[in-house]
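Undergrad: Input file: my_file_6.tsv. Contents: TSV, C-alpha atoms.
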chain	number	residue	atom	x	y	z
A	10	MET	CA	163.31	62.33	-50.84
A	11	ASN	CA	165.56	60.81	-48.17
A	12	VAL	CA	163.05	60.30	-45.35
A	13	PRO	CA	165.64	59.78	-42.51
A	14	VAL	CA	167.37	63.04	-43.49
A	15	PHE	CA	164.03	64.89	-43.69
A	16	LEU	CA	163.00	63.69	-40.23
A	17	ALA	CA	166.47	64.40	-38.85
A	18	ARG	CA	166.13	68.04	-39.88
A	19	LYS	CA	162.81	68.26	-38.05
A	20	VAL	CA	164.34	66.76	-34.93
A	21	ARG	CA	167.44	68.91	-35.21
A	22	HIS	CA	165.54	72.20	-35.37
A	23	ALA	CA	163.95	72.03	-31.95
A	24	PRO	CA	161.88	75.00	-30.70
A	25	GLU	CA	163.99	77.87	-29.40
A	26	GLY	CA	164.37	77.72	-25.63
A	27	SER	CA	163.49	74.03	-25.37
A	28	PHE	CA	165.64	71.63	-23.39
A	29	SER	CA	166.72	69.70	-26.50
A	30	ALA	CA	167.83	72.94	-28.19
A	31	THR	CA	169.99	73.79	-25.18
A	32	VAL	CA	171.48	70.29	-25.09
A	33	THR	CA	172.21	70.49	-28.82
A	34	ARG	CA	174.15	73.71	-28.35
A	35	VAL	CA	176.13	72.08	-25.55
A	36	GLY	CA	177.02	69.16	-27.87
A	37	ILE	CA	178.14	71.48	-30.67
A	38	ALA	CA	180.13	73.61	-28.24
A	39	SER	CA	181.91	70.58	-26.75
A	40	ILE	CA	183.02	69.35	-30.18
A	41	ALA	CA	184.07	72.85	-31.29
A	42	LEU	CA	186.02	73.46	-28.10
A	43	GLY	CA	187.70	70.06	-28.20
A	44	LEU	CA	188.77	70.41	-31.85
A	45	ALA	CA	189.96	74.00	-31.34
A	46	ILE	CA	192.09	72.94	-28.38
A	47	LEU	CA	193.57	70.05	-30.38
A	48	ILE	CA	194.42	72.30	-33.35
A	49	ILE	CA	196.05	74.88	-31.08
A	50	ALA	CA	197.87	72.21	-29.05
A	51	PHE	CA	199.35	70.50	-32.12
A	52	ALA	CA	200.27	73.84	-33.74
A	53	VAL	CA	202.10	74.88	-30.57
A	54	LEU	CA	203.73	71.46	-30.14
A	55	PHE	CA	205.05	71.31	-33.70
A	56	GLY	CA	206.03	74.97	-33.62
A	57	TYR	CA	207.91	74.54	-30.37
A	58	LYS	CA	209.70	71.40	-31.56
A	59	ARG	CA	210.72	73.04	-34.83
A	60	ALA	CA	211.92	76.18	-33.02
A	61	ILE	CA	214.06	74.15	-30.62
A	62	GLU	CA	215.40	71.92	-33.41
A	63	GLN	CA	216.30	74.98	-35.48
A	64	LYS	CA	218.22	76.43	-32.55
A	65	ILE	CA	220.05	73.12	-32.02
A	66	PHE	CA	220.92	72.80	-35.70
A	67	GLN	CA	222.56	76.23	-35.71
A	68	PHE	CA	225.46	74.79	-33.72
A	69	GLY	CA	224.87	71.05	-33.91
A	70	ALA	CA	224.34	69.81	-37.45
A	71	HIS	CA	222.28	66.69	-38.09
A	72	LEU	CA	225.49	64.67	-38.35
A	73	GLN	CA	229.05	65.48	-37.35
A	74	VAL	CA	232.14	63.68	-38.63
A	75	SER	CA	235.48	64.15	-36.85
A	76	LYS	CA	238.81	62.40	-36.58
A	77	PHE	CA	238.65	59.36	-34.32
A	78	THR	CA	240.59	60.16	-31.15
A	79	ASN	CA	240.50	59.56	-27.40
A	80	ASN	CA	241.01	63.27	-26.76
A	81	ALA	CA	238.08	64.58	-24.67
A	82	SER	CA	239.04	68.28	-24.87
A	83	TYR	CA	237.97	70.90	-27.40
A	84	GLU	CA	241.33	70.62	-29.15
A	85	GLN	CA	240.59	68.74	-32.36
A	86	THR	CA	242.75	66.50	-34.50
A	87	ALA	CA	243.17	67.68	-38.09
A	88	LEU	CA	240.83	66.13	-40.63
A	89	PRO	CA	241.69	66.52	-44.34
A	90	LEU	CA	239.29	68.08	-46.80
A	91	ASN	CA	240.33	65.93	-49.75
A	92	THR	CA	238.19	62.98	-48.69
A	93	LYS	CA	235.48	61.21	-50.64
A	94	LEU	CA	232.91	62.13	-48.02
A	95	TYR	CA	233.53	65.88	-48.29
A	96	LEU	CA	234.15	66.09	-52.03
A	97	ASP	CA	231.25	63.82	-53.06
A	98	SER	CA	228.74	64.74	-50.34
A	99	THR	CA	226.03	65.66	-52.84
A	100	ARG	CA	226.14	62.11	-54.17
A	101	THR	CA	225.57	60.64	-50.73
A	102	LEU	CA	221.92	59.68	-50.52
A	103	GLY	CA	220.00	61.90	-48.10
A	104	VAL	CA	222.70	64.58	-47.61
A	105	ARG	CA	221.64	68.17	-48.35
A	106	HIS	CA	224.74	70.14	-47.32
A	107	ILE	CA	228.18	69.61	-45.80
A	108	GLN	CA	230.44	72.25	-44.26
A	109	ALA	CA	233.86	72.24	-42.62
A	110	VAL	CA	234.43	73.77	-39.18
A	111	ALA	CA	237.13	73.83	-36.50
A	112	LEU	CA	237.00	74.50	-32.76
A	113	LYS	CA	239.56	76.28	-30.58
A	114	ALA	CA	239.32	77.01	-26.85
A	115	GLY	CA	240.23	80.48	-25.64
A	116	ILE	CA	239.55	83.27	-23.16
A	117	LEU	CA	237.90	86.60	-23.91
A	118	LYS	CA	239.14	89.33	-21.57
A	119	THR	CA	238.30	92.95	-20.96
A	120	SER	CA	239.78	95.29	-18.39
A	121	GLU	CA	237.27	94.10	-15.78
A	122	GLU	CA	235.81	90.76	-16.93
A	123	LEU	CA	236.85	87.55	-18.62
A	124	THR	CA	235.06	84.42	-19.84
A	125	GLY	CA	235.99	81.15	-21.45
A	126	VAL	CA	234.92	80.68	-25.03
A	127	ILE	CA	235.00	78.08	-27.80
A	128	LEU	CA	235.85	79.75	-31.08
A	129	LYS	CA	234.03	77.94	-33.87
A	130	GLY	CA	235.87	78.64	-37.08
A	131	VAL	CA	233.74	78.51	-40.24
A	132	GLY	CA	234.50	79.01	-43.91
A	133	ARG	CA	232.80	79.96	-47.14
A	134	ASP	CA	230.82	76.73	-47.20
A	135	TYR	CA	229.05	77.59	-43.92
A	136	ASP	CA	225.25	77.84	-44.24
A	137	TRP	CA	224.13	81.01	-42.42
A	138	ASN	CA	220.44	80.60	-43.30
A	139	LEU	CA	219.56	78.80	-40.07
A	140	PHE	CA	221.41	81.48	-38.11
A	141	ARG	CA	219.55	84.53	-39.36
A	142	GLY	CA	216.67	84.17	-36.90
A	143	SER	CA	219.00	84.27	-33.86
A	144	LEU	CA	221.01	87.31	-34.97
A	145	ILE	CA	219.79	90.19	-32.80
A	146	ALA	CA	222.42	92.85	-33.53
A	147	GLY	CA	225.07	93.57	-36.17
A	148	LYS	CA	225.91	91.09	-38.91
A	149	VAL	CA	227.57	87.74	-39.43
A	150	PRO	CA	231.39	87.82	-39.73
A	151	ILE	CA	233.11	87.85	-43.09
A	152	VAL	CA	234.93	84.55	-43.49
A	153	GLY	CA	236.96	83.08	-46.30
A	154	ALA	CA	238.04	86.44	-47.75
A	155	ASP	CA	241.65	86.99	-48.78
A	156	THR	CA	242.88	88.35	-45.44
A	157	GLY	CA	246.07	86.35	-44.96
A	158	SER	CA	245.85	84.78	-41.50
A	159	GLY	CA	242.07	84.97	-41.39
A	160	SER	CA	239.43	87.51	-40.51
A	161	THR	CA	239.38	88.87	-36.94
A	162	GLU	CA	235.61	89.50	-36.98
A	163	LEU	CA	233.75	87.77	-34.17
A	164	LEU	CA	230.14	86.83	-33.51
A	165	LEU	CA	229.30	86.69	-29.79
A	166	SER	CA	226.23	85.60	-27.87
A	167	GLN	CA	224.14	88.11	-25.95
A	168	LEU	CA	225.05	86.28	-22.76
A	169	MET	CA	228.79	86.78	-23.34
A	170	ALA	CA	228.32	90.36	-24.52
A	171	ASN	CA	226.45	91.23	-21.31
A	172	GLN	CA	229.03	89.47	-19.17
A	173	LEU	CA	231.92	91.29	-20.83
A	174	ASN	CA	229.98	94.54	-21.28
A	175	VAL	CA	230.81	94.84	-24.98
A	176	THR	CA	228.70	95.91	-27.95
A	177	VAL	CA	228.88	95.64	-31.72
A	178	GLY	CA	231.90	97.44	-33.13
A	179	GLU	CA	234.13	97.12	-30.06
A	180	SER	CA	237.44	95.26	-30.08
A	181	ILE	CA	238.35	92.66	-27.49
A	182	PRO	CA	241.43	90.45	-27.06
A	183	LEU	CA	241.01	86.70	-27.40
A	184	TYR	CA	243.69	84.64	-25.68
A	185	PHE	CA	244.54	81.08	-26.72
A	186	LEU	CA	246.23	78.71	-24.32
A	187	GLY	CA	249.69	77.54	-25.23
A	188	ASN	CA	253.34	77.94	-24.42
A	189	PRO	CA	253.55	80.85	-24.69
A	190	PRO	CA	249.87	81.98	-24.75
A	191	ARG	CA	248.83	83.75	-27.92
A	192	ALA	CA	246.39	86.62	-28.30
A	193	ARG	CA	244.37	88.03	-31.19
A	194	LYS	CA	242.51	91.31	-31.21
A	195	MET	CA	238.98	90.50	-32.35
A	196	THR	CA	236.23	92.89	-33.46
A	197	VAL	CA	232.67	92.12	-32.40
A	198	VAL	CA	230.56	92.47	-35.55
A	199	GLY	CA	227.40	90.71	-34.42
A	200	ILE	CA	225.48	89.37	-31.43
A	201	TYR	CA	223.23	86.32	-31.43
A	202	GLU	CA	220.88	84.68	-28.92
A	203	THR	CA	219.54	81.13	-29.11
A	204	GLY	CA	218.16	80.72	-25.59
A	205	LEU	CA	220.13	77.47	-25.21
A	206	GLU	CA	222.39	78.25	-22.28
A	207	GLU	CA	225.01	75.61	-23.05
A	208	VAL	CA	225.48	77.21	-26.48
A	209	ASP	CA	225.15	80.88	-25.57
A	210	LYS	CA	227.69	80.70	-22.75
A	211	THR	CA	230.45	79.01	-24.78
A	212	ILE	CA	230.25	79.39	-28.58
A	213	ALA	CA	231.59	82.34	-30.60
A	214	LEU	CA	231.94	82.24	-34.39
A	215	GLY	CA	234.88	83.42	-36.46
A	216	ASP	CA	237.04	82.61	-39.47
A	217	ILE	CA	238.22	79.00	-39.78
A	218	ARG	CA	241.59	80.15	-41.16
A	219	LEU	CA	242.39	81.80	-37.85
A	220	VAL	CA	241.98	78.42	-36.13
A	221	GLN	CA	244.01	76.72	-38.87
A	222	ARG	CA	246.86	79.16	-38.38
A	223	LEU	CA	246.79	78.82	-34.59
A	224	ASN	CA	246.88	75.02	-34.90
A	225	HIS	CA	249.60	75.13	-37.59
A	226	TRP	CA	247.26	73.43	-40.06
A	227	GLY	CA	247.22	73.91	-43.79
A	228	PRO	CA	244.18	75.27	-45.66
A	229	ASP	CA	243.07	71.69	-46.46
A	230	SER	CA	242.81	70.65	-42.78
A	231	VAL	CA	239.75	71.20	-40.60
A	232	GLY	CA	238.41	70.01	-37.26
A	233	SER	CA	235.21	68.27	-38.39
A	234	TYR	CA	232.49	68.09	-41.04
A	235	GLU	CA	228.94	69.21	-40.25
A	236	ILE	CA	226.35	67.43	-42.37
A	237	PHE	CA	222.70	68.37	-42.92
A	238	VAL	CA	220.26	65.80	-44.31
A	239	ASN	CA	217.27	66.34	-46.57
A	240	ASP	CA	214.74	64.82	-44.18
A	241	PHE	CA	215.40	64.80	-40.43
A	242	ASP	CA	212.88	61.99	-40.00
A	243	GLN	CA	215.21	59.84	-42.13
A	244	LEU	CA	218.27	60.67	-40.03
A	245	LYS	CA	219.18	57.04	-39.35
A	246	SER	CA	219.21	55.99	-43.01
A	247	ALA	CA	221.21	59.12	-43.96
A	248	ALA	CA	223.69	58.36	-41.16
A	249	ASP	CA	224.10	54.84	-42.54
A	250	ASN	CA	224.83	56.26	-46.01
A	251	VAL	CA	227.43	58.65	-44.57
A	252	PHE	CA	229.00	55.90	-42.50
A	253	ALA	CA	229.38	53.77	-45.63
A	254	VAL	CA	231.76	56.31	-47.24
A	255	MET	CA	233.72	57.20	-44.09
A	256	THR	CA	237.30	56.08	-43.60
A	257	PRO	CA	238.20	53.91	-40.57
A	258	ASN	CA	239.79	56.84	-38.72
A	259	MET	CA	236.58	58.91	-38.73
A	260	ARG	CA	233.89	59.09	-36.05
A	261	LEU	CA	230.21	59.83	-36.70
A	262	THR	CA	228.02	61.63	-34.13
A	263	ARG	CA	224.29	62.20	-34.54
A	264	VAL	CA	222.67	65.35	-33.14
A	265	THR	CA	220.13	63.20	-31.29
A	266	ASP	CA	223.04	61.70	-29.33
A	267	GLN	CA	224.89	64.98	-28.88
A	268	TYR	CA	221.81	66.70	-27.42
A	269	ARG	CA	220.03	63.65	-26.06
A	270	PRO	CA	218.40	65.40	-23.02
A	271	LEU	CA	216.64	67.92	-25.27
A	272	PHE	CA	215.40	65.30	-27.71
A	273	ASP	CA	214.24	63.06	-24.85
A	274	TRP	CA	212.37	66.04	-23.46
A	275	MET	CA	210.65	66.64	-26.81
A	276	LEU	CA	209.75	62.95	-26.98
A	277	LEU	CA	208.09	63.36	-23.59
A	278	LEU	CA	206.07	66.24	-25.05
A	279	ASP	CA	204.81	63.87	-27.77
A	280	ARG	CA	203.64	61.39	-25.14
A	281	ASN	CA	201.86	64.10	-23.20
A	282	MET	CA	200.13	65.17	-26.40
A	283	VAL	CA	198.84	61.63	-26.96
A	284	ILE	CA	197.36	61.65	-23.46
A	285	LEU	CA	195.76	65.05	-24.08
A	286	LEU	CA	194.34	63.88	-27.41
A	287	THR	CA	192.84	60.79	-25.79
A	288	LEU	CA	191.21	62.75	-22.96
A	289	ILE	CA	189.72	65.44	-25.20
A	290	THR	CA	188.39	62.86	-27.67
A	291	PHE	CA	186.85	60.86	-24.84
A	292	VAL	CA	185.13	63.94	-23.39
A	293	ALA	CA	183.82	65.04	-26.79
A	294	SER	CA	182.52	61.55	-27.57
A	295	PHE	CA	180.91	61.21	-24.13
A	296	ASN	CA	179.19	64.58	-24.53
A	297	MET	CA	177.83	63.64	-27.94
A	298	VAL	CA	176.51	60.32	-26.64
A	299	SER	CA	174.82	62.15	-23.77
A	300	VAL	CA	173.27	64.69	-26.13
A	301	LEU	CA	171.99	62.01	-28.50
A	302	LEU	CA	170.55	59.92	-25.65
A	303	VAL	CA	168.70	62.97	-24.33
A	304	LEU	CA	167.28	63.65	-27.79
A	305	MET	CA	166.20	60.02	-28.18
A	306	MET	CA	164.57	59.96	-24.74
A	307	GLU	CA	162.74	63.19	-25.52
A	308	ARG	CA	161.60	61.72	-28.85
A	309	THR	CA	160.57	58.34	-27.43
A	310	PRO	CA	156.89	58.78	-28.46
A	311	MET	CA	158.02	59.70	-31.96
A	312	ILE	CA	160.19	56.56	-32.11
A	313	GLY	CA	157.21	54.43	-30.98
A	314	LEU	CA	154.96	56.03	-33.61
A	315	LEU	CA	157.48	55.44	-36.39
A	316	LYS	CA	157.82	51.80	-35.35
A	317	ALA	CA	154.03	51.41	-35.25
A	318	LEU	CA	153.84	52.81	-38.79
A	319	GLY	CA	156.38	50.24	-40.00
A	320	GLY	CA	159.68	52.04	-39.49
A	321	THR	CA	162.59	49.66	-39.00
A	322	ASN	CA	165.21	50.01	-36.30
A	323	SER	CA	167.94	50.79	-38.88
A	324	PHE	CA	165.69	53.45	-40.45
A	325	ILE	CA	165.21	55.23	-37.09
A	326	ARG	CA	168.86	54.80	-36.12
A	327	ARG	CA	169.96	56.43	-39.36
A	328	MET	CA	167.70	59.36	-38.58
A	329	PHE	CA	169.33	60.00	-35.21
A	330	VAL	CA	172.82	59.45	-36.62
A	331	PHE	CA	172.05	62.18	-39.16
A	332	VAL	CA	170.98	64.40	-36.25
A	333	GLY	CA	174.24	63.73	-34.46
A	334	MET	CA	176.39	64.16	-37.57
A	335	ASN	CA	174.72	67.50	-38.26
A	336	MET	CA	175.86	68.67	-34.84
A	337	VAL	CA	179.32	67.23	-35.47
A	338	GLY	CA	179.52	69.17	-38.73
A	339	TRP	CA	178.69	72.46	-37.02
A	340	GLY	CA	181.11	71.63	-34.22
A	341	LEU	CA	183.93	70.93	-36.69
A	342	LEU	CA	183.23	74.16	-38.58
A	343	ILE	CA	183.24	76.33	-35.47
A	344	GLY	CA	186.21	74.47	-33.96
A	345	ASN	CA	188.32	74.99	-37.09
A	346	VAL	CA	187.45	78.69	-37.27
A	347	VAL	CA	188.27	79.27	-33.60
A	348	GLY	CA	191.42	77.12	-33.53
A	349	LEU	CA	192.91	78.47	-36.76
A	350	SER	CA	192.05	82.06	-35.81
A	351	VAL	CA	193.83	81.77	-32.45
A	352	CYS	CA	196.88	80.25	-34.18
A	353	PHE	CA	196.92	83.00	-36.82
A	354	VAL	CA	196.71	85.78	-34.22
A	355	GLN	CA	199.50	84.23	-32.13
A	356	GLU	CA	201.75	83.70	-35.14
A	357	ARG	CA	201.17	87.23	-36.41
A	358	PHE	CA	201.29	89.23	-33.17
A	359	LYS	CA	203.04	86.86	-30.70
A	360	LEU	CA	200.67	87.84	-27.88
A	361	ILE	CA	201.53	84.95	-25.55
A	362	PRO	CA	205.11	85.28	-24.20
A	363	LEU	CA	207.38	82.65	-22.67
A	364	ASP	CA	210.33	82.84	-20.32
A	365	PRO	CA	213.42	82.11	-22.47
A	366	LYS	CA	215.31	80.84	-19.43
A	367	ASN	CA	212.85	77.97	-19.02
A	368	TYR	CA	211.50	77.43	-22.55
A	369	PHE	CA	214.48	78.57	-24.72
A	370	ILE	CA	212.18	80.85	-26.72
A	371	SER	CA	210.52	84.20	-25.92
A	372	TYR	CA	207.02	83.50	-27.31
A	373	VAL	CA	204.67	80.62	-28.06
A	374	PRO	CA	205.58	79.43	-31.59
A	375	ILE	CA	203.04	78.22	-34.15
A	376	ALA	CA	203.58	75.71	-36.98
A	377	TRP	CA	201.01	75.10	-39.70
A	378	ASP	CA	200.84	71.36	-40.28
A	379	TRP	CA	197.86	70.97	-42.62
A	380	PRO	CA	197.98	67.15	-42.89
A	381	THR	CA	197.70	66.95	-39.09
A	382	ILE	CA	194.80	69.44	-39.03
A	383	LEU	CA	193.02	67.42	-41.72
A	384	ALA	CA	193.71	64.20	-39.82
A	385	LEU	CA	192.25	65.71	-36.63
A	386	ASN	CA	189.05	66.62	-38.47
A	387	VAL	CA	188.71	63.22	-40.11
A	388	ALA	CA	189.53	61.35	-36.89
A	389	THR	CA	186.98	63.41	-34.93
A	390	LEU	CA	184.31	62.85	-37.56
A	391	VAL	CA	184.90	59.10	-37.84
A	392	LEU	CA	185.28	58.42	-34.12
A	393	ILE	CA	182.26	60.42	-32.99
A	394	GLY	CA	180.24	59.03	-35.90
A	395	LEU	CA	181.06	55.50	-34.75
A	396	VAL	CA	180.19	56.35	-31.14
A	397	LEU	CA	176.89	57.88	-32.28
A	398	TRP	CA	176.00	54.77	-34.28
A	399	LEU	CA	176.72	52.52	-31.33
A	400	SER	CA	174.68	54.70	-28.97
A	401	THR	CA	171.58	54.37	-31.19
A	402	ILE	CA	171.43	50.65	-30.36
A	403	ILE	CA	169.11	51.68	-27.53
A	404	ILE	CA	166.44	52.27	-30.19
A	405	ASN	CA	166.27	48.50	-30.76
A	406	ARG	CA	165.05	48.08	-27.18
A	407	ILE	CA	162.22	50.61	-27.43
A	408	GLN	CA	158.80	48.91	-27.82
A	409	PRO	CA	156.05	50.83	-29.68
A	410	ILE	CA	153.31	50.20	-27.08
A	411	LYS	CA	155.42	51.44	-24.15
A	412	ALA	CA	156.79	54.33	-26.20
A	413	LEU	CA	153.33	55.58	-27.14
A	414	ALA	CA	152.16	55.14	-23.56
A	415	PHE	CA	155.19	57.21	-22.48
A	416	LYS	CA	153.52	60.18	-24.20
A	417	LYS	CA	150.72	60.40	-21.62
Would you write out, as structure tokens, the structure that this file holds?

TA:
Amino acid sequence: MNVPVFLARKVRHAPEGSFSATVTRVGIASIALGLAILIIAFAVLFGYKRAIEQKIFQFGAHLQVSKFTNNASYEQTALPLNTKLYLDSTRTLGVRHIQAVALKAGILKTSEELTGVILKGVGRDYDWNLFRGSLIAGKVPIVGADTGSGSTELLLSQLMANQLNVTVGESIPLYFLGNPPRARKMTVVGIYETGLEEVDKTIALGDIRLVQRLNHWGPDSVGSYEIFVNDFDQLKSAADNVFAVMTPNMRLTRVTDQYRPLFDWMLLLDRNMVILLTLITFVASFNMVSVLLVLMMERTPMIGLLKALGGTNSFIRRMFVFVGMNMVGWGLLIGNVVGLSVCFVQERFKLIPLDPKNYFISYVPIAWDWPTILALNVATLVLIGLVLWLSTIIINRIQPIKALAFKK
């Protein structure tokens, strides 16, 4: 029989209603609450970051390659498709997908309203998977079909649709600047909403061949390549691989540079999370030390008796560490149940809303990152266990004679 464990169970199961029983519950509750808050906080943080990144990647790929030019307008210089980068993209280490796009500035006008727009022309190679979550009405436009000058189907943002007072199925003229100006009658087939104002107020999607025809380009000329990498955390190494196969007249832009304010903001969220983690861990550790010290003070006569009977300091310290770790175990169990349950309910029913104007998303998102949840449990167990072991050093200073006298 493991004597320290046996005695720890006796100490742990204090009489109901006693002071030590109340303190024990407080210790368990503090650990459970701290772990639950950490699980929820990290789930929300990762969910929010992934939601924002997904919205950014809908219109700003991980990497963008365009023709090198000093032109600062939306009018792009033609970039050929028959390049090694585009044709052999799957052989470029770290690249998952590459697609060709072209931009063209224009004006959407109704009988009462007008708004500037950037028509983003896309082709058959465009990946619509990221876009599905932001499509709130209609469908995505048909592009790349055999329609001569290009499809006239248009995908507008909800912001533009409200401003122009148009709905799915309506036709609207799109004017392109030039001498003379040119107009195309476009049909709104879908409406999207990302919550990113700088995107929603400017970008509309259509057929790339329409832009090619307006720019007098051939079918093998585009405005830029959009490149998606396999692992966003390895963006720098993938960018280096892409840069190695680029020609001298190409320019490479990373999404972290294109949307630097948003990524800097998310980096600030990471720093705030580190501060929160430190504070919660400190409070939980402090509470456990307080609980264990109270238990040791209440069991001072017992400690003196064990020392008088030949119990060593390490023997008694192990006993109280087992007491503390038992409370930690219950705290971890309850904390995981509470934290994971709250995350599940929020993910399933989206009970907590957000203001899209301020947070770019209409509800609190949840991401299940099991390695992080496991790391939180292990870190809590190890850190509090170490703090508990250090706090039992006070046992070394307890003298049997004074401890037994303390009983009177």

Undergrad: What is the distance, in Å and to one decimal place, between atom CA of A:Phe51 and atom CA of A:Asp364?

TA: 20.3 Å

Undergrad: To one decimal in Å, tell me the separation between atom CA of A:Phe295 and atom CA of A:Phe55.

TA: 27.9 Å

Undergrad: Which residue out of A:Met306, A:Ala50, A:Ala60, A:Val152 has the minimum interatomic distance to A:Asp279 when only C-alpha atoms are used?

TA: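 Of A:Met306, A:Ala50, A:Ala60, A:Val152, the one nearest A:Asp279 is A:Ala50, counting only C-alpha atoms.
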
Undergrad: Counting all atoms listed in the file, find residues at most 10 Å from (199.8, 75.3, -39.2) (file frame) and give them as a list in words.

TA: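 Those within range, by chain then number, are Ile48, Ile49, Phe51, Ala52, Val53, Phe55, Gly56, Leu349, Cys352, Phe353, Glu356, Ile375, Ala376, Trp377, Asp378, Trp379, Pro380, Thr381 and Ile382 of chain A.
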
Undergrad: Which residues are near A:Pro257? Cut-off 12 Å, only C-alpha atoms, ignore same chain within fewer than 6 positions. Put them as a VMD selection string.

TA: chain A and resid 74 to 78

Undergrad: Please tabulate, as a Markdown table, the residues of stretch 62-176 of chain A that come within 8 Å of stretch 222-233 of chain A, each with its closest pair of atoms and the distance in Å to one decimal, counting all atoms listed in the file and ordering rows by chain, then residue number upward.

TA:
| residue | atom | partner | partner_atom | distance |
| --- | --- | --- | --- | --- |
| A:Gln73 | CA | A:Ser233 | CA | 6.8 |
| A:Val74 | CA | A:Ser233 | CA | 5.5 |
| A:Ser75 | CA | A:Ser233 | CA | 4.4 |
| A:Lys76 | CA | A:Ser233 | CA | 7.1 |
| A:Gln85 | CA | A:Gly232 | CA | 5.5 |
| A:Thr86 | CA | A:Gly232 | CA | 6.2 |
| A:Ala87 | CA | A:Gly232 | CA | 5.4 |
| A:Leu88 | CA | A:Val231 | CA | 5.2 |
| A:Pro89 | CA | A:Ser230 | CA | 4.6 |
| A:Leu90 | CA | A:Asp229 | CA | 5.2 |
| A:Asn91 | CA | A:Asp229 | CA | 7.2 |
| A:Ala109 | CA | A:Ser233 | CA | 6.0 |
| A:Val110 | CA | A:Ser233 | CA | 5.6 |
| A:Ala111 | CA | A:Gly232 | CA | 4.1 |
| A:Leu112 | CA | A:Gly232 | CA | 6.5 |
| A:Ser158 | CA | A:Arg222 | CA | 6.5 |

Undergrad: Hey, which of A:Val35, A:Leu383, A:Leu128, A:Val254 ends up closest to A:Gln221? Count all atoms listed in the file.

TA: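 Between A:Val35, A:Leu383, A:Leu128, A:Val254, the residue approaching A:Gln221 most closely is A:Leu128.
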
Undergrad: Have a look at A:Val177, A:Ala70, A:Met334, A:Leu164 and name the one nearest to A:Ile40; count only C-alpha atoms.

TA: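 So, comparing all the options, the nearest one is A:Met334.
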
Undergrad: Rank A:Tyr368, A:Arg193, A:Asp134, A:Leu244 by their smallest atom-to-atom distance to A:Met275, using all atoms listed in the file, and report the top residue only.

TA: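 Of all the options, A:Tyr368 lies closest to A:Met275.
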
Undergrad: Pick the closest to A:Thr196 from A:Gln108, A:Asn174, A:Ser180, A:Ser160: which is it, counting all atoms listed in the file?

TA: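 Once distances to A:Thr196 are computed over all atoms listed in the file, the minimum belongs to A:Ser180.
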
Undergrad: Quick one: of A:Leu44, A:Leu168, A:Ala248, A:Ile212, who's nearest to A:Ile116, counting only C-alpha atoms?

TA: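 So, comparing all the options, the nearest one is A:Ile212.
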
Undergrad: Could you pull the residues within 6 Å of A:Gly204, counting all atoms listed in the file, minus those fewer than 2 positions along the same chain, as a ChimeraX atom specification?

TA: /A:202,206,365,369

Undergrad: At a cut-off of 8 Å, using only C-alpha atoms, what residues contact A:Ile61? Leave out same-chain residues fewer than 4 positions from it and give the result as a list in words.

TA: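 Listing them by chain and then by number gives Tyr57, Ile65, Phe369 and Ile370 of chain A.
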
Undergrad: Counting only C-alpha atoms, select every polymer residue within 12 Å of (223.9, 84.8, -33.3) as defined in the file's coordinates, and provide the selection as a PyMOL selection string.

TA: chain A and resi 64+67-68+137-150+163-170+197-205+208-210+212-215

Undergrad: Quick one: residues within 10 Å of A:Asn250, all atoms listed in the file, excluding same-chain residues fewer than 4 positions away - as a PyMOL selection string?

TA: chain A and resi 101-104+244-246+254-255

Undergrad: Show which residues sit within 9 Å of A:Lys194, as a list in words. Count all atoms listed in the file, and ignore same-chain residues fewer than 6 positions away.

TA: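 Surrounding residues, per the criterion: Thr161, Ser180, Ile181, Pro182, Leu183 and Tyr184 of chain A.
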
Undergrad: If you measure from atom CA of A:Val396 to atom CA of A:Val298, what distance in Å do you get, rounded to one decimal?

TA: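 Atom CA of A:Val298 lies at a distance of 7.0 Å from atom CA of A:Val396.
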
Undergrad: My structure is short of atoms at stretch 242-249 of chain A; please model N, CA and C atoms there, returning them as a CSV table (one decimal), in the coordinates of the input.

TA:
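Contents of result-v1.csv, freshly written:
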chain,number,residue,atom,x,y,z
A,242,ASP,N,213.5,63.2,-40.4
A,242,ASP,CA,212.9,62.0,-40.0
A,242,ASP,C,213.6,60.8,-40.5
A,243,GLN,N,214.4,60.9,-41.6
A,243,GLN,CA,215.2,59.8,-42.1
A,243,GLN,C,216.7,59.9,-41.7
A,244,LEU,N,216.9,60.4,-40.5
A,244,LEU,CA,218.3,60.7,-40.0
A,244,LEU,C,219.1,59.4,-40.0
A,245,LYS,N,218.5,58.3,-39.5
A,245,LYS,CA,219.2,57.0,-39.4
A,245,LYS,C,219.7,56.5,-40.7
A,246,SER,N,218.8,56.5,-41.7
A,246,SER,CA,219.2,56.0,-43.0
A,246,SER,C,220.3,56.9,-43.6
A,247,ALA,N,220.2,58.2,-43.4
A,247,ALA,CA,221.2,59.1,-44.0
A,247,ALA,C,222.5,58.9,-43.2
A,248,ALA,N,222.5,58.6,-41.9
A,248,ALA,CA,223.7,58.4,-41.2
A,248,ALA,C,224.3,57.1,-41.7
A,249,ASP,N,223.5,56.1,-42.0
A,249,ASP,CA,224.1,54.8,-42.5
A,249,ASP,C,224.8,55.1,-43.9
